[in-house]
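Inspection log for the structure reproduced underneath, given as structure tokens.
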Amino acid sequence: MNELKPRIHDEMNGLDYVLVGDYYIPAIELPEDDDRPIGKWGRMHRAYLEETNSLLLNHLILTGKLHNYLADLDEQAKERCRVLIQQMAIAEGVTEDLKRQSQWEWVKVMNSIVNRAEESIKHELIYT
């Protein structure tokens, strides 16, 4: 009777198998954990993918790239939002002087800027 090898490689599918008892089981490892948070923008994009592009979502899940993809998108969206808010505030003349003179007016203008910047991010990055 032949001795079974503890580990074999199948050239047809490219998988390694490990001997467990009398059976060979695929040696599949999970991808490295990524500690970066997905955040608001990443969660919104995932929900969008679930509704509109389940093929891409399934591909990202099966290849183990979903978390990195969503974390990268979240970082890009946060940075883009920060830059947009800063540019819009400069363009509209919102300064610290306005904040000292009229806090309510400053809050009203900044809320408007933040809302417009977030809508722009949704159309540029999240819902595409």
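Residues are referred to by chain and number: the chain letter is A, B, ... according to the order shown in the structure tokens, the number counts from 1 in that chain, and ligands are numbered separately from 1 in the order shown.
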**Request:** Please identify all polymer residues within 12 Å of stretch 96-112 of chain A, counting only C-alpha atoms, omitting same-chain residues fewer than 6 positions from it, and present them as a list of chain:residue names.
**Result:** A:Leu84, A:Ile85, A:Gln86, A:Gln87, A:Met88, A:Ala89, A:Ile90, A:Glu118, A:Glu119
**Message:** For the structure I just gave you, how does DSSP split stretch 12-57 of chain A - specifically, which residues are alpha helix (DSSP H)? Reply as a VMD selection string.
**Reply:** chain A and resid 39 to 52 54 to 57
Please, could you write that set of residues out with N, CA and C atoms as a compact mmCIF listing (two decimals), in the first residue's frame?
# COMPACT_ATOMS: atom_id res chain seq x y z
N GLY A 39 -15.38 53.03 7.47
CA GLY A 39 -15.96 54.36 7.60
C GLY A 39 -17.27 54.57 6.87
N LYS A 40 -17.76 55.79 6.98
CA LYS A 40 -19.06 56.18 6.41
C LYS A 40 -19.09 56.00 4.90
N TRP A 41 -18.07 56.50 4.21
CA TRP A 41 -18.07 56.47 2.76
C TRP A 41 -17.92 55.05 2.23
N GLY A 42 -17.10 54.24 2.89
CA GLY A 42 -16.94 52.85 2.47
C GLY A 42 -18.22 52.06 2.63
N ARG A 43 -18.93 52.28 3.74
CA ARG A 43 -20.21 51.59 3.97
C ARG A 43 -21.26 52.01 2.95
N MET A 44 -21.26 53.29 2.60
CA MET A 44 -22.21 53.77 1.60
C MET A 44 -21.92 53.13 0.24
N HIS A 45 -20.65 53.02 -0.11
CA HIS A 45 -20.30 52.43 -1.40
C HIS A 45 -20.61 50.94 -1.42
N ARG A 46 -20.41 50.26 -0.31
CA ARG A 46 -20.75 48.84 -0.26
C ARG A 46 -22.25 48.65 -0.47
N ALA A 47 -23.06 49.47 0.18
CA ALA A 47 -24.52 49.39 0.00
C ALA A 47 -24.88 49.66 -1.46
N TYR A 48 -24.20 50.60 -2.08
CA TYR A 48 -24.43 50.90 -3.50
C TYR A 48 -24.08 49.69 -4.36
N LEU A 49 -22.94 49.04 -4.07
CA LEU A 49 -22.54 47.86 -4.83
C LEU A 49 -23.55 46.72 -4.65
N GLU A 50 -24.07 46.56 -3.44
CA GLU A 50 -25.06 45.50 -3.19
C GLU A 50 -26.29 45.70 -4.07
N GLU A 51 -26.69 46.95 -4.26
CA GLU A 51 -27.89 47.23 -5.03
C GLU A 51 -27.65 47.21 -6.54
N THR A 52 -26.48 47.67 -6.99
CA THR A 52 -26.29 47.89 -8.42
C THR A 52 -25.28 46.98 -9.10
N SER A 54 -23.70 43.60 -7.99
CA SER A 54 -23.40 42.47 -7.11
C SER A 54 -22.27 41.60 -7.64
N LEU A 55 -22.05 41.62 -8.97
CA LEU A 55 -20.93 40.86 -9.55
C LEU A 55 -19.59 41.37 -9.04
N LEU A 56 -19.39 42.69 -9.08
CA LEU A 56 -18.15 43.27 -8.58
C LEU A 56 -18.01 43.03 -7.08
N LEU A 57 -19.09 43.20 -6.34
CA LEU A 57 -19.05 42.96 -4.90
C LEU A 57 -18.64 41.53 -4.60
**Message:** One decimal, in Å: what's the spacing between atom CA of A:Ile8 and atom CA of A:Ile25?
**Reply:**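 Going from atom CA of A:Ile8 over to atom CA of A:Ile25 covers 10.0 Å.
For the choices A:Ala27, A:Leu125, A:Leu15, A:Leu4, the atom-to-atom distance to A:Asp74 is smallest for A:Leu125 when using only C-alpha atoms.
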**Message:** Would you pick out the contacts of A:Asp35 at 12 Å or less, using only C-alpha atoms, so that residues sharing its chain but fewer than 5 positions from it are not included, and give the list as a list of chain:residue names?
**Reply:**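 The residues satisfying every condition are A:His67, A:Asn68, A:Ala71.
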Can I get the selection written as a tab-separated table (two decimals), in the first residue's frame, with N, CA, C and O atoms?
chain	number	residue	atom	x	y	z
A	67	HIS	N	-12.20	44.62	1.73
A	67	HIS	CA	-11.87	45.52	2.84
A	67	HIS	C	-10.87	46.59	2.40
A	67	HIS	O	-11.07	47.78	2.67
A	68	ASN	N	-9.83	46.19	1.69
A	68	ASN	CA	-8.84	47.17	1.20
A	68	ASN	C	-9.48	48.16	0.25
A	68	ASN	O	-9.20	49.36	0.30
A	71	ALA	N	-11.70	50.55	2.30
A	71	ALA	CA	-10.88	51.41	3.15
A	71	ALA	C	-10.17	52.47	2.31
A	71	ALA	O	-10.09	53.64	2.71
